[in-house]
Structure formats: structure tokens, C-alpha cells
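This is my_file_37.txt (compact mmCIF, C-alpha atoms).
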# COMPACT_ATOMS: atom_id res chain seq x y z
CA MET A 1052 34.25 18.00 -26.39
CA GLY A 1053 34.04 15.54 -23.51
CA THR A 1054 33.40 18.38 -21.05
CA VAL A 1055 30.57 19.75 -23.19
CA CYS A 1056 28.96 16.29 -23.41
CA TYR A 1057 29.26 15.87 -19.66
CA ILE A 1058 27.63 19.26 -19.03
CA ARG A 1059 24.77 18.36 -21.39
CA PHE A 1060 24.33 15.04 -19.62
CA MET A 1061 24.16 16.74 -16.21
CA ILE A 1062 21.66 19.30 -17.50
CA ARG A 1063 19.40 16.55 -18.88
CA ARG A 1064 19.74 14.60 -15.67
CA TYR A 1065 18.80 17.37 -13.27
CA LEU A 1066 16.69 19.70 -15.42
CA ASN A 1067 13.51 17.61 -15.53
CA TRP A 1068 9.89 18.42 -14.79
CA ARG A 1069 10.34 17.72 -11.07
CA THR A 1070 13.24 20.16 -10.81
CA ILE A 1071 11.35 22.81 -12.77
CA LEU A 1072 8.29 22.32 -10.55
CA VAL A 1073 10.38 22.74 -7.39
CA LEU A 1074 12.08 25.86 -8.79
CA VAL A 1075 8.72 27.40 -9.73
CA ALA A 1076 7.36 26.64 -6.24
CA ILE A 1077 10.43 28.24 -4.64
CA CYS A 1078 10.03 31.36 -6.83
CA ILE A 1079 6.33 31.64 -5.92
CA ILE A 1080 7.05 31.28 -2.21
CA ALA A 1081 9.96 33.73 -2.33
CA GLY A 1082 7.85 36.25 -4.26
CA THR A 1083 4.98 35.90 -1.82
CA VAL A 1084 7.24 36.33 1.20
CA TRP A 1085 8.92 39.39 -0.32
CA TYR A 1086 5.63 41.02 -1.29
CA SER A 1087 4.09 40.29 2.11
CA GLY A 1088 7.12 41.86 3.77
CA TYR A 1089 6.80 44.88 1.49
CA LEU A 1090 3.12 45.29 2.40
CA ALA A 1091 3.85 44.87 6.10
CA LYS A 1092 6.52 47.57 5.96
CA LYS A 1093 4.20 49.90 4.07
CA ILE A 1094 1.36 49.37 6.54
CA GLU A 1095 3.74 49.85 9.45
CA THR A 1096 4.92 53.19 8.03
CA GLU A 1097 1.35 54.37 7.49
CA GLU A 1098 0.35 53.35 11.01
CA LYS A 1099 3.26 55.31 12.47
CA GLN A 1100 2.12 58.37 10.52
CA ARG A 1101 -1.41 57.93 11.85
CA VAL A 1102 -0.08 57.75 15.41
CA GLU A 1103 1.86 60.97 14.85
CA GLU A 1104 -1.27 62.60 13.43
CA TRP A 1105 -3.19 61.51 16.51
CA ILE A 1106 -0.53 63.01 18.77
CA ASN A 1107 -0.51 66.30 16.87
CA SER A 1108 -4.30 66.42 16.91
CA ASN A 1109 -4.32 66.04 20.69
CA LYS A 1110 -1.81 68.88 21.02
CA LEU A 1111 -4.02 71.11 18.83
CA ILE A 1112 -7.15 70.28 20.78
CA MET A 1113 -5.59 71.94 23.78
CA VAL A 1114 -5.32 75.26 21.99
CA ALA A 1115 -8.01 75.04 19.30
CA SER A 1116 -11.28 76.90 19.61
CA GLN A 1117 -14.70 75.87 18.44
CA SER A 1118 -13.67 76.10 14.83
CA GLU A 1119 -13.07 73.98 11.79
CA ALA A 1120 -9.57 73.18 13.08
CA PHE A 1121 -11.09 71.80 16.26
CA ASN A 1122 -13.53 69.70 14.24
CA LEU A 1123 -10.67 68.42 12.06
CA VAL A 1124 -8.49 67.22 14.91
CA THR A 1125 -11.49 65.68 16.63
CA LEU A 1126 -12.22 63.77 13.42
CA ILE A 1127 -8.60 62.50 13.34
CA ASN A 1128 -9.01 61.23 16.88
CA GLU A 1129 -12.31 59.52 16.14
CA ASN A 1130 -10.97 57.81 13.00
CA ASN A 1131 -8.24 56.00 14.91
CA LYS A 1132 -10.21 52.92 15.97
CA ASP A 1133 -7.70 50.17 15.26
CA ILE A 1134 -4.18 51.25 16.33
CA PRO A 1135 -3.70 50.37 20.03
CA LEU A 1136 -2.02 53.20 21.93
CA ILE A 1137 -0.66 53.73 25.42
CA GLY A 1138 0.26 57.22 26.64
CA THR A 1139 2.88 57.58 29.38
CA ASP A 1140 4.90 60.31 31.03
CA GLU A 1141 8.69 60.52 31.04
CA LYS A 1142 8.90 57.73 33.64
CA ASP A 1143 6.58 55.45 31.63
CA SER A 1144 3.69 55.88 34.05
CA ILE A 1145 0.51 55.14 32.10
CA PHE A 1146 -2.07 57.91 31.99
CA ASP A 1147 -4.05 57.07 28.83
CA VAL A 1148 -4.91 54.06 26.65
CA LEU A 1149 -6.74 53.79 23.36
CA ASN A 1150 -8.16 50.83 21.44
CA ILE A 1151 -7.20 48.33 24.16
CA ASP A 1152 -9.72 46.07 25.85
CA SER A 1153 -9.89 47.35 29.42
CA GLY A 1154 -12.20 44.48 30.40
CA LYS A 1155 -9.17 42.19 30.73
CA LEU A 1156 -8.06 44.17 33.78
CA LYS A 1157 -10.59 42.17 35.79
CA THR A 1158 -8.61 38.98 35.28
CA ASN A 1159 -5.16 40.56 34.95
CA PRO A 1160 -4.54 43.81 36.89
CA ASN A 1161 -1.19 44.23 35.10
CA TYR A 1162 -2.73 43.89 31.65
CA PHE A 1163 -1.87 47.47 30.56
CA LYS A 1164 1.71 47.11 31.83
CA ASP A 1165 2.08 43.85 29.91
CA LYS A 1166 0.80 45.54 26.77
CA LEU A 1167 3.22 48.39 27.34
CA GLU A 1168 6.14 45.94 27.37
CA GLU A 1169 4.78 44.31 24.23
CA PHE A 1170 4.50 47.66 22.42
CA ARG A 1171 8.00 48.67 23.58
CA SER A 1172 9.40 45.51 21.94
CA GLN A 1173 7.54 46.26 18.69
CA HIS A 1174 8.21 49.95 18.09
CA PRO A 1175 10.20 52.76 19.69
CA PRO A 1176 7.88 55.29 21.38
CA ILE A 1177 6.95 58.61 19.82
CA VAL A 1178 7.98 61.41 22.19
CA TYR A 1179 6.16 64.75 22.09
CA GLU A 1180 7.03 67.82 24.06
CA ILE A 1181 4.48 69.40 26.38
CA SER A 1182 6.57 72.33 27.63
CA ARG A 1183 10.18 73.47 27.48
CA ASP A 1184 10.45 75.32 30.78
CA PRO A 1185 10.14 73.24 32.76
CA TYR A 1186 10.76 70.47 30.23
CA ILE A 1187 7.85 68.05 30.12
CA ALA A 1188 7.48 65.35 27.47
CA ASN A 1189 5.10 62.47 27.11
CA LYS A 1190 5.52 59.21 25.22
CA VAL A 1191 3.11 57.26 23.06
CA TYR A 1192 3.68 53.55 22.63
CA TYR A 1193 1.73 51.82 19.90
CA GLY A 1194 1.23 48.25 18.76
CA ASN A 1195 0.42 46.48 15.54
CA THR A 1196 -3.09 46.48 14.16
CA PRO A 1197 -4.81 43.17 13.38
CA LEU A 1198 -4.31 43.90 9.68
CA LEU A 1199 -0.54 44.28 10.08
CA ASN A 1200 -0.33 41.07 12.13
CA GLN A 1201 -2.28 39.21 9.48
CA VAL A 1202 0.02 40.45 6.72
CA ARG A 1203 3.10 39.51 8.73
CA TYR A 1204 1.92 36.05 9.73
CA TYR A 1205 0.42 35.23 6.34
CA PRO A 1206 3.77 34.09 4.79
CA ILE A 1207 4.45 31.82 7.76
CA ILE A 1208 1.00 30.24 7.48
CA GLN A 1209 1.49 29.88 3.74
CA LEU A 1210 4.89 28.23 4.22
CA VAL A 1211 3.38 25.76 6.70
CA ILE A 1212 0.60 24.90 4.25
CA VAL A 1213 3.07 24.51 1.38
CA ALA A 1214 5.33 22.35 3.57
CA LEU A 1215 2.39 20.12 4.51
CA PHE A 1216 1.42 19.88 0.85
CA ILE A 1217 4.97 18.89 -0.11
CA ILE A 1218 5.15 16.31 2.68
CA ILE A 1219 1.83 14.79 1.64
CA ALA A 1220 2.86 14.79 -2.03
CA PHE A 1221 6.18 13.09 -1.30
CA SER A 1222 4.47 10.58 1.01
CA LEU A 1223 1.98 9.67 -1.72
CA LEU A 1224 4.80 9.45 -4.26
CA ALA A 1225 6.85 7.24 -1.94
CA THR A 1226 3.83 5.02 -1.29
CA ARG A 1227 3.21 4.75 -5.01
CA ASN A 1228 6.85 3.90 -5.70
CA LYS A 1229 6.87 1.35 -2.91
CA SER A 1230 3.69 -0.24 -4.27
CA THR A 1231 5.20 -0.39 -7.75
CA GLN A 1232 8.39 -1.83 -6.30
CA ASN A 1233 6.44 -4.49 -4.43
CA GLN A 1234 4.59 -5.43 -7.61
CA VAL A 1235 7.90 -5.76 -9.46
CA TRP A 1236 9.33 -7.93 -6.69
CA ALA A 1237 6.24 -10.13 -6.62
CA GLY A 1238 6.16 -10.40 -10.41
CA MET A 1239 9.82 -11.37 -10.59
CA ALA A 1240 9.44 -13.94 -7.81
CA LYS A 1241 6.35 -15.55 -9.35
CA GLU A 1242 7.94 -15.61 -12.81
CA THR A 1243 11.03 -17.26 -11.34
CA ALA A 1244 8.88 -19.90 -9.64
CA HIS A 1245 6.97 -20.44 -12.87
CA GLN A 1246 10.13 -20.80 -14.96
CA MET A 1247 11.58 -23.29 -12.46
CA GLY A 1248 8.44 -25.42 -12.53
CA THR A 1249 8.98 -27.04 -15.93
CA PRO A 1250 12.62 -28.15 -15.48
CA LEU A 1251 11.79 -29.36 -11.95
CA THR A 1252 9.04 -31.60 -13.26
CA SER A 1253 11.44 -32.89 -15.91
CA LEU A 1254 14.15 -33.56 -13.33
CA GLN A 1255 11.72 -35.49 -11.15
CA GLY A 1256 10.84 -37.63 -14.17
CA TRP A 1257 14.52 -38.33 -14.90
CA VAL A 1258 15.12 -39.33 -11.26
CA GLU A 1259 12.27 -41.86 -11.49
CA MET A 1260 13.73 -43.26 -14.71
CA LEU A 1261 17.14 -43.62 -13.08
CA ARG A 1262 15.65 -45.98 -10.51
CA ASP A 1263 15.55 -48.65 -13.21
CA VAL A 1264 19.19 -48.11 -14.17
CA LYS A 1265 21.69 -50.41 -12.48
CA GLY A 1266 24.51 -48.66 -10.63
CA ALA A 1267 22.50 -45.46 -10.08
CA GLU A 1268 21.41 -46.34 -6.56
CA GLN A 1269 24.08 -44.15 -4.97
CA ILE A 1270 23.40 -41.00 -6.96
CA ILE A 1271 19.58 -41.09 -6.79
CA PRO A 1272 19.36 -40.01 -3.08
CA GLU A 1273 21.68 -37.06 -3.71
CA MET A 1274 19.74 -36.03 -6.81
CA GLU A 1275 16.49 -36.29 -4.84
CA LYS A 1276 17.95 -33.96 -2.20
CA ASP A 1277 18.90 -31.40 -4.85
CA VAL A 1278 15.51 -31.68 -6.56
CA GLY A 1279 13.81 -31.27 -3.20
CA ARG A 1280 15.92 -28.21 -2.52
CA LEU A 1281 14.95 -26.70 -5.86
CA LYS A 1282 11.29 -27.40 -5.11
CA LEU A 1283 11.66 -25.62 -1.77
CA VAL A 1284 13.24 -22.58 -3.46
CA SER A 1285 10.49 -22.57 -6.08
CA ASP A 1286 7.85 -22.79 -3.34
CA ARG A 1287 9.43 -19.84 -1.53
CA PHE A 1288 9.42 -17.67 -4.64
CA GLY A 1289 5.84 -18.70 -5.38
CA LYS A 1290 4.70 -17.39 -1.99
CA ILE A 1291 6.17 -13.91 -2.61
CA GLY A 1292 3.42 -11.53 -3.67
CA SER A 1293 0.57 -13.60 -2.25
CA THR A 1294 -0.64 -13.63 1.32
CA PRO A 1295 0.97 -16.68 2.94
CA GLN A 1296 -0.88 -18.74 5.47
CA LEU A 1297 0.61 -18.24 8.92
CA LEU A 1298 0.56 -21.55 10.76
CA GLU A 1299 0.94 -22.29 14.44
CA THR A 1300 4.48 -23.66 14.36
CA ASN A 1301 7.00 -25.00 16.85
CA LEU A 1302 9.57 -22.26 16.36
CA THR A 1303 12.19 -24.11 18.41
CA GLN A 1304 12.07 -27.19 16.17
CA GLN A 1305 12.02 -25.02 13.06
CA ILE A 1306 15.28 -23.35 14.11
CA ILE A 1307 16.87 -26.69 15.04
CA GLN A 1308 16.17 -28.02 11.54
CA MET A 1309 17.75 -24.97 9.94
CA GLN A 1310 20.68 -25.16 12.35
CA GLU A 1311 21.38 -28.75 11.27
CA TYR A 1312 21.05 -27.83 7.60
CA ILE A 1313 23.62 -25.04 7.98
CA ARG A 1314 25.92 -27.19 10.15
CA ARG A 1315 26.30 -29.71 7.31
CA ARG A 1316 27.44 -26.93 4.98
CA ALA A 1317 29.68 -25.07 7.41
CA SER A 1318 33.40 -25.52 7.92
CA GLY A 1319 34.51 -27.70 10.77
CA LYS A 1320 36.13 -24.63 12.31
CA VAL A 1321 32.74 -22.94 12.76
CA GLU A 1322 30.94 -23.66 16.02
CA ILE A 1323 27.15 -23.26 15.89
CA VAL A 1324 25.34 -22.82 19.21
CA PHE A 1325 21.58 -22.64 19.73
CA LYS A 1326 20.39 -21.05 22.98
CA LYS A 1327 16.70 -21.66 23.71
CA PRO A 1328 14.17 -21.66 26.54
CA ASP A 1329 13.46 -24.91 28.37
CA GLU A 1330 10.01 -25.13 26.80
CA ASP A 1331 9.37 -25.04 23.07
CA VAL A 1332 8.31 -21.66 21.66
CA ILE A 1333 5.18 -21.61 19.51
CA ALA A 1334 4.64 -18.84 16.95
CA PHE A 1335 2.47 -18.15 13.92
CA ILE A 1336 4.76 -18.15 10.89
CA SER A 1337 4.97 -19.30 7.28
CA PRO A 1338 7.56 -22.10 7.72
CA PRO A 1339 9.04 -21.95 4.17
CA LEU A 1340 9.39 -18.15 4.25
CA PHE A 1341 10.74 -18.05 7.81
CA ASP A 1342 13.29 -20.72 6.89
CA TRP A 1343 14.32 -18.52 3.97
CA VAL A 1344 14.93 -15.55 6.27
CA LEU A 1345 16.88 -17.60 8.81
CA GLU A 1346 18.90 -19.31 6.09
CA ASN A 1347 19.89 -15.94 4.60
CA LEU A 1348 21.06 -14.68 7.98
CA LEU A 1349 23.02 -17.84 8.78
CA LYS A 1350 24.70 -17.97 5.36
CA ASN A 1351 25.65 -14.30 5.62
CA ALA A 1352 27.11 -15.02 9.07
CA LEU A 1353 29.21 -17.88 7.67
CA ASP A 1354 30.48 -15.65 4.87
CA ALA A 1355 31.36 -12.90 7.37
CA MET A 1356 33.39 -15.35 9.52
CA GLU A 1357 35.26 -16.71 6.48
CA GLY A 1358 35.25 -20.31 7.65
CA ARG A 1359 36.06 -19.94 11.35
CA GLY A 1360 34.38 -18.54 14.44
CA LEU A 1361 31.31 -18.84 16.65
CA LEU A 1362 27.77 -18.60 15.27
CA THR A 1363 25.08 -18.20 17.94
CA ILE A 1364 21.32 -18.48 17.50
CA GLU A 1365 19.40 -17.31 20.55
CA LEU A 1366 15.64 -17.71 20.92
CA THR A 1367 13.83 -15.75 23.63
CA GLU A 1368 10.19 -15.08 24.38
CA THR A 1369 8.41 -12.06 25.83
CA ALA A 1370 4.79 -11.34 26.62
CA THR A 1371 4.26 -9.79 23.20
CA SER A 1372 6.77 -11.41 20.85
CA SER A 1373 9.24 -14.16 20.02
CA ILE A 1374 12.79 -12.95 19.34
CA VAL A 1375 15.54 -14.67 17.36
CA ASP A 1376 19.07 -13.21 17.52
CA VAL A 1377 21.70 -14.43 15.05
CA THR A 1378 25.20 -13.44 16.17
CA ASP A 1379 28.50 -14.10 14.42
CA THR A 1380 32.10 -13.32 15.25
CA GLY A 1381 32.91 -12.14 11.75
CA LYS A 1382 34.25 -8.92 10.27
CA GLY A 1383 31.23 -6.82 11.27
CA ILE A 1384 29.57 -3.95 9.44
CA ASN A 1385 30.80 -0.37 9.27
CA ALA A 1386 28.46 2.14 10.91
CA SER A 1387 28.05 3.95 7.57
CA ASN A 1388 26.79 0.73 5.92
CA ILE A 1389 24.30 -0.42 8.56
CA LYS A 1390 21.55 1.76 7.08
CA ASN A 1391 22.22 0.27 3.63
CA VAL A 1392 22.33 -3.47 4.36
CA PHE A 1393 18.64 -3.95 3.57
CA LYS A 1394 18.67 -1.88 0.38
CA PRO A 1395 18.37 -3.80 -2.92
CA GLY A 1396 21.72 -4.35 -4.59
CA PHE A 1397 23.86 -3.57 -1.55
CA THR A 1398 26.47 -6.26 -0.86
CA THR A 1399 30.03 -6.49 0.41
CA LYS A 1400 30.58 -9.87 -1.22
CA LYS A 1401 32.49 -10.39 -4.44
CA ARG A 1402 29.57 -12.45 -5.69
CA GLY A 1403 25.88 -11.99 -5.09
CA TRP A 1404 23.12 -9.60 -6.07
CA GLY A 1405 22.49 -8.06 -2.66
CA LEU A 1406 18.85 -9.22 -2.53
CA GLY A 1407 18.86 -11.73 0.34
CA LEU A 1408 18.50 -9.28 3.21
CA THR A 1409 16.09 -7.13 1.22
CA LEU A 1410 13.76 -10.07 0.65
CA SER A 1411 14.19 -11.22 4.25
CA LYS A 1412 13.14 -7.83 5.62
CA ARG A 1413 10.10 -7.75 3.32
CA ILE A 1414 9.10 -11.24 4.40
CA MET A 1415 9.24 -10.32 8.08
CA GLN A 1416 7.55 -6.91 7.75
CA GLN A 1417 4.90 -7.53 5.09
CA TYR A 1418 3.96 -11.16 5.64
CA HIS A 1419 4.68 -11.72 9.33
CA LYS A 1420 4.04 -8.13 10.53
CA GLY A 1421 7.29 -8.41 12.46
CA GLU A 1422 10.72 -6.85 12.27
CA LEU A 1423 14.24 -7.61 11.05
CA PHE A 1424 17.07 -5.24 11.87
CA VAL A 1425 20.73 -4.98 12.85
CA LYS A 1426 20.75 -5.05 16.63
CA HIS A 1427 24.49 -4.49 16.97
CA SER A 1428 27.61 -4.59 14.84
CA GLU A 1429 31.23 -3.76 15.47
CA PRO A 1430 33.94 -3.99 12.80
CA GLY A 1431 36.34 -6.84 13.54
CA LYS A 1432 34.14 -8.32 16.28
CA GLY A 1433 30.88 -9.39 14.66
CA THR A 1434 27.22 -8.62 14.03
CA THR A 1435 23.85 -9.45 15.58
CA PHE A 1436 20.68 -9.51 13.47
CA ARG A 1437 17.37 -9.61 15.33
CA ILE A 1438 14.10 -11.14 14.15
CA VAL A 1439 10.95 -10.11 16.03
CA ILE A 1440 7.77 -12.13 15.56
CA ASN A 1441 4.76 -10.47 17.17
CA ARG A 1442 2.22 -12.66 18.89

How does this structure look as C-alpha cells?
Amino acid sequence: MGTVCYIRFMIRRYLNWRTILVLVAICIIAGTVWYSGYLAKKIETEEKQRVEEWINSNKLIMVASQSEAFNLVTLINENNKDIPLIGTDEKDSIFDVLNIDSGKLKTNPNYFKDKLEEFRSQHPPIVYEISRDPYIANKVYYGNTPLLNQVRYYPIIQLVIVALFIIIAFSLLATRNKSTQNQVWAGMAKETAHQMGTPLTSLQGWVEMLRDVKGAEQIIPEMEKDVGRLKLVSDRFGKIGSTPQLLETNLTQQIIQMQEYIRRRASGKVEIVFKKPDEDVIAFISPPLFDWVLENLLKNALDAMEGRGLLTIELTETATSSIVDVTDTGKGINASNIKNVFKPGFTTKKRGWGLGLTLSKRIMQQYHKGELFVKHSEPGKGTTFRIVINR
């Protein structure tokens, strides 16, 4: 019973309208290719028969008198206006050509010889005997007519057109899915910011009321820090889905602030080093969103090092971009997982939703027109993430 249910489930899963559409398209293409091949073979057979008729007619002309037979063979000769022919002797010396543009000899003296090689690769020659004693035989090489070439190349052209159509269709579908996905992300982020707004306002009110309570002086600063942190998170979520304002920002100072924030939350066995140019680096960024990206990378690095190791932030500047490398000495990422680290839901942690890196990549690509990627990772030695901010 379980096997039957499983089979039904698999049929429902894979036998949908998309699968049926693909199968129908494959059947149409296969049928077209088969029928085109059938027509090409039929035309090829008929053309060979016409060449043989032409040869026989030439042999009869030699012996025919001014009679109806002579008129018949002459008519056969005159009707062959499309099959290209080359007549040769036993040693393949050319003595006659038919339906081949002789004008090309002006630019290519070996044009007939080249055509002979082409015909030889297409069809075996038809040999006809001139005399038996001594034995003399000539050969006729023939090529494909334009009609036969069209029939043969038609399936290839059709396959290219179908392939282009499929590529365009899948591209449009992917763009549509990505747009829908972006709308879902933006909607979820804005709804989260909206839902956080009311309790945040309430918490701020309670903090103000606590100022009048004796003995609360020590807890108010800590509560204000937590409320401020929640406001920052709410502000970050509120900016997702809308076009953030990119401000001319001292990137060096921005990283130093985040470095200090992470240092306070890191284990004493984690060393955090910031390598920077002598002069401050200026870049156009959205400070709250950039902080979010950098914070995600630094927290992931701390988790990967499991409380001990070296965490390096390196800021460099080129003529076209500002580059931030975040390197840890943690457990690294397997090569098979590198392509998945930015996918929604992917995580190697016991806790977490696997959305941090996904959001970070979107922030850098969509809002800053930059890049975020894994520059290098080696299991057991660590990982380097790179942020590129274009000028």
C-alpha cells in the first residue's frame, strides 16, 4: 500500500503541465527531425536516379539517330538544371561539368577540383563503361541540390530556434520568479519592521518611566542599548524593498565601529585585526545596510572559529572599487557547499534560518550595485568573504 501511495505521489509531483509541455515539445521536434530525414533520403534517392538517367541518356546520344529516342534523351539532359555534376575519367581528370558556376574559376582556379572533393565526400561516384576492349570507364560525381540541402539543414535551424525559444522562456520565467521572490523578501522585511515598531515605542516609554524609579539607574543604560539595537534592526528591515540613499561615508571609520562592536561580543581567545590604508577610504554606501552585511560576515566568522582564532578585516582600494575582505581561521567550507552558502535556508549551524548571507548578498548586489562572494575557503583552515563596492 505504501509503495502504491509513493508511486502516486511521484506521478503527481512530476506529471504536471510543465512536464507534459516539455514532452509534447520533444515529440514534435523528434517527429520533425525524423520526417525531415525521411524526405532528405527520398530526395537523395530520386536525385541519384536522375543522375543515372542523365548518364544513360548521354550514352544513347552517341548512338541515337535523329529520331524520337534522340529527342527523348536530349529532353532528359535539358531537364537536369539543378543537380551539379562533374564528369571524370578513370584517373579523376575532369572533362565535363554541369550546373556549376564556372565564373568562380576567375577567383579560384582550383574551384572545380574543390567541388570534386566535396562531391566525393557526399556520394560515391557513378561509374559507366565506355568500352570493354580496351576497358574504358568514366565516373560521374554529383552533389546535393539546394532543395536537398534545405531539407537537411531545416531540422538544425528548427532546433536552434526552439533552443533559443526555450532559453528565452526560461529566462523570462526566472526573472519573474526572482521578481516575485524579491517582493516576498521586501514584504516580509517591511512587515517585520512594522510589527517591531509598536513594542519598540512601548519599550521606549517604559525606559523613560524607569528614570523616575529609584535604584533603576544601573539598568536603564543597558536597556537603552538594547532598545537602540532593536531600533537599528527595525531600521534595517524597513530599508529592505525600498531604494536606500547611498551616502558618502568614511568606510574606514564605519568598519572600525563594527570591529569594536564585535570585539565586545567575541571571546577573549579571538584576535580581531583590521588592516587598512594609511588614508581613510571614502565610499557611497547605506551605513545601516552595510553594517548589517559586515555584522553578518563577522558573526559567521566567530561561529566558524568556535571561540578561538584570528579574525582579519582587510580594507583595500583600487581605481574602480573599495574591497573589504573578512578572513577567519575557522573550519572552512566544503567545495560542494560554496555554491550554496548564499541560497535561502542553507546553514551549517544547529540554530539559524540560513538567511543572513542571502540578505547580505542582496543588499550588496541590488542596493549597492556591488558584489559579495566567497573569495577562498579551505576546510580546516578558514574562509575569506569579499565585499566589492564599486565607485

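Residues in contact range of Ile1145 (chain A), defined as at most 12 Å between only C-alpha atoms, with sequence neighbours fewer than 2 positions away removed, read Leu1136, Ile1137, Gly1138, Thr1139, Asp1140, Glu1141, Lys1142, Asp1143, Asp1147, Val1148, Leu1149, Asn1161, Tyr1162, Phe1163, Lys1164, Asp1165, Lys1166, Leu1167, Glu1168, Asn1189, Lys1190, Val1191 and Tyr1192 of chain A.
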
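Among the candidates A:Thr1378, A:Ser1373, A:Ser1387, A:Ser1087, the one nearest to Pro1206 (chain A) when counting all atoms listed in the file is A:Ser1087.
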
Within 10 Å of region 1430-1438 of chain A using all atoms listed in the file, minus same-chain residues under 6 positions, as a PyMOL selection string: chain A and resi 1341+1344-1345+1348-1349+1352+1355-1356+1360-1366+1372-1386+1411-1412+1415+1421-1424

To one decimal place, how far is CA of Ile1151 (chain A) from CA of Pro1135 (chain A) in Å? 5.8 Å

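In this structure, CA of Thr1243 (chain A) sits 24.8 Å away from CA of Leu1298 (chain A).
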
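Residues surrounding His1419 (chain A) within 8 Å are A:Leu1297, A:Ile1336, A:Ser1337, A:Ile1440, A:Asn1441 [all atoms listed in the file; sequence separation below 6 positions excluded].
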
Take CA of Ile1134 (chain A) and CA of Asn1150 (chain A) and report the distance between them in Å, one decimal. 6.5 Å

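Between Trp1257 (chain A) and the candidates A:Arg1442, A:Val1213, A:Ile1271, A:Gln1304, the tightest atom-to-atom separation, counting only C-alpha atoms, involves A:Ile1271.
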
With a distance cut-off of 7 Å and only C-alpha atoms, select the neighbouring residues of region 1247-1256 of chain A, excluding the residue or stretch itself and same-chain residues fewer than 3 positions from it, and output the selection as number ranges by chain. A: 1243-1244, 1259-1260, 1278, 1285

Selection above as a file: C-alpha atoms, as a short mmCIF file (atom, residue, chain, number, x, y, z; two decimals), in the frame of the given file:
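And here's again_32.cif as it stands now:
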data_model
loop_
_atom_site.label_atom_id
_atom_site.label_comp_id
_atom_site.auth_asym_id
_atom_site.auth_seq_id
_atom_site.Cartn_x
_atom_site.Cartn_y
_atom_site.Cartn_z
CA THR A 1243 11.03 -17.26 -11.34
CA ALA A 1244 8.88 -19.90 -9.64
CA GLU A 1259 12.27 -41.86 -11.49
CA MET A 1260 13.73 -43.26 -14.71
CA VAL A 1278 15.51 -31.68 -6.56
CA SER A 1285 10.49 -22.57 -6.08
#

Any chance you could work out the axis-aligned box around region 1250-1262 of chain A, listed atoms only, 3 Å on each side, giving centre and edge lengths in Å to one decimal, as AutoDock Vina command-line options?
--center_x 13.1 --center_y -37.1 --center_z -13.2 --size_x 14.1 --size_y 23.8 --size_z 11.4

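The smallest atom-to-atom distance between Leu1410 (chain A) and any of A:Phe1288, A:Phe1325, A:Tyr1312, A:Tyr1205, using only C-alpha atoms, is found for A:Phe1288.
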
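In terms of minimum interatomic distance to Ile1414 (chain A), A:Leu1340 ranks closest within A:Ser1428, A:Asn1391, A:Leu1340, A:Asn1347, counting all atoms listed in the file.
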
Counting only C-alpha atoms, which residue out of A:Lys1093, A:Pro1185, A:Ile1207, A:Ile1270 sits closest to Ala1081 (chain A)? A:Ile1207

Nearest-residue call for Ile1313 (chain A), choices A:Lys1420, A:Lys1350, A:Lys1327, A:Lys1282, using all atoms listed in the file: A:Lys1350

Could region 1337-1352 of chain A be completed with N, CA and C atoms and returned as an mmCIF file, keeping the file's coordinate frame?
data_model
loop_
_atom_site.group_PDB
_atom_site.id
_atom_site.type_symbol
_atom_site.label_atom_id
_atom_site.label_comp_id
_atom_site.auth_asym_id
_atom_site.auth_seq_id
_atom_site.Cartn_x
_atom_site.Cartn_y
_atom_site.Cartn_z
ATOM 1 N N SER A 1337 4.980 -18.498 8.510
ATOM 2 C CA SER A 1337 4.970 -19.300 7.280
ATOM 3 C C SER A 1337 6.287 -20.056 7.273
ATOM 4 N N PRO A 1338 6.295 -21.362 7.576
ATOM 5 C CA PRO A 1338 7.560 -22.100 7.720
ATOM 6 C C PRO A 1338 8.514 -21.951 6.545
ATOM 7 N N PRO A 1339 8.068 -22.092 5.273
ATOM 8 C CA PRO A 1339 9.040 -21.950 4.170
ATOM 9 C C PRO A 1339 9.671 -20.557 4.114
ATOM 10 N N LEU A 1340 8.857 -19.505 4.332
ATOM 11 C CA LEU A 1340 9.390 -18.150 4.250
ATOM 12 C C LEU A 1340 10.270 -17.817 5.445
ATOM 13 N N PHE A 1341 9.896 -18.287 6.628
ATOM 14 C CA PHE A 1341 10.740 -18.050 7.810
ATOM 15 C C PHE A 1341 12.076 -18.758 7.651
ATOM 16 N N ASP A 1342 12.038 -19.993 7.134
ATOM 17 C CA ASP A 1342 13.290 -20.720 6.890
ATOM 18 C C ASP A 1342 14.188 -19.940 5.932
ATOM 19 N N TRP A 1343 13.566 -19.306 4.952
ATOM 20 C CA TRP A 1343 14.320 -18.520 3.970
ATOM 21 C C TRP A 1343 15.047 -17.364 4.648
ATOM 22 N N VAL A 1344 14.334 -16.674 5.535
ATOM 23 C CA VAL A 1344 14.930 -15.550 6.270
ATOM 24 C C VAL A 1344 16.097 -16.034 7.127
ATOM 25 N N LEU A 1345 15.843 -17.094 7.910
ATOM 26 C CA LEU A 1345 16.880 -17.600 8.810
ATOM 27 C C LEU A 1345 18.079 -18.133 8.029
ATOM 28 N N GLU A 1346 17.812 -18.793 6.920
ATOM 29 C CA GLU A 1346 18.900 -19.310 6.090
ATOM 30 C C GLU A 1346 19.763 -18.174 5.541
ATOM 31 N N ASN A 1347 19.119 -17.094 5.096
ATOM 32 C CA ASN A 1347 19.890 -15.940 4.600
ATOM 33 C C ASN A 1347 20.797 -15.375 5.678
ATOM 34 N N LEU A 1348 20.260 -15.231 6.888
ATOM 35 C CA LEU A 1348 21.060 -14.680 7.980
ATOM 36 C C LEU A 1348 22.219 -15.587 8.346
ATOM 37 N N LEU A 1349 21.964 -16.895 8.401
ATOM 38 C CA LEU A 1349 23.020 -17.840 8.780
ATOM 39 C C LEU A 1349 24.100 -17.932 7.705
ATOM 40 N N LYS A 1350 23.708 -17.928 6.441
ATOM 41 C CA LYS A 1350 24.700 -17.970 5.360
ATOM 42 C C LYS A 1350 25.540 -16.701 5.336
ATOM 43 N N ASN A 1351 24.897 -15.556 5.564
ATOM 44 C CA ASN A 1351 25.650 -14.300 5.620
ATOM 45 C C ASN A 1351 26.649 -14.323 6.784
ATOM 46 N N ALA A 1352 26.222 -14.925 7.909
ATOM 47 C CA ALA A 1352 27.110 -15.020 9.070
ATOM 48 C C ALA A 1352 28.321 -15.896 8.743
#
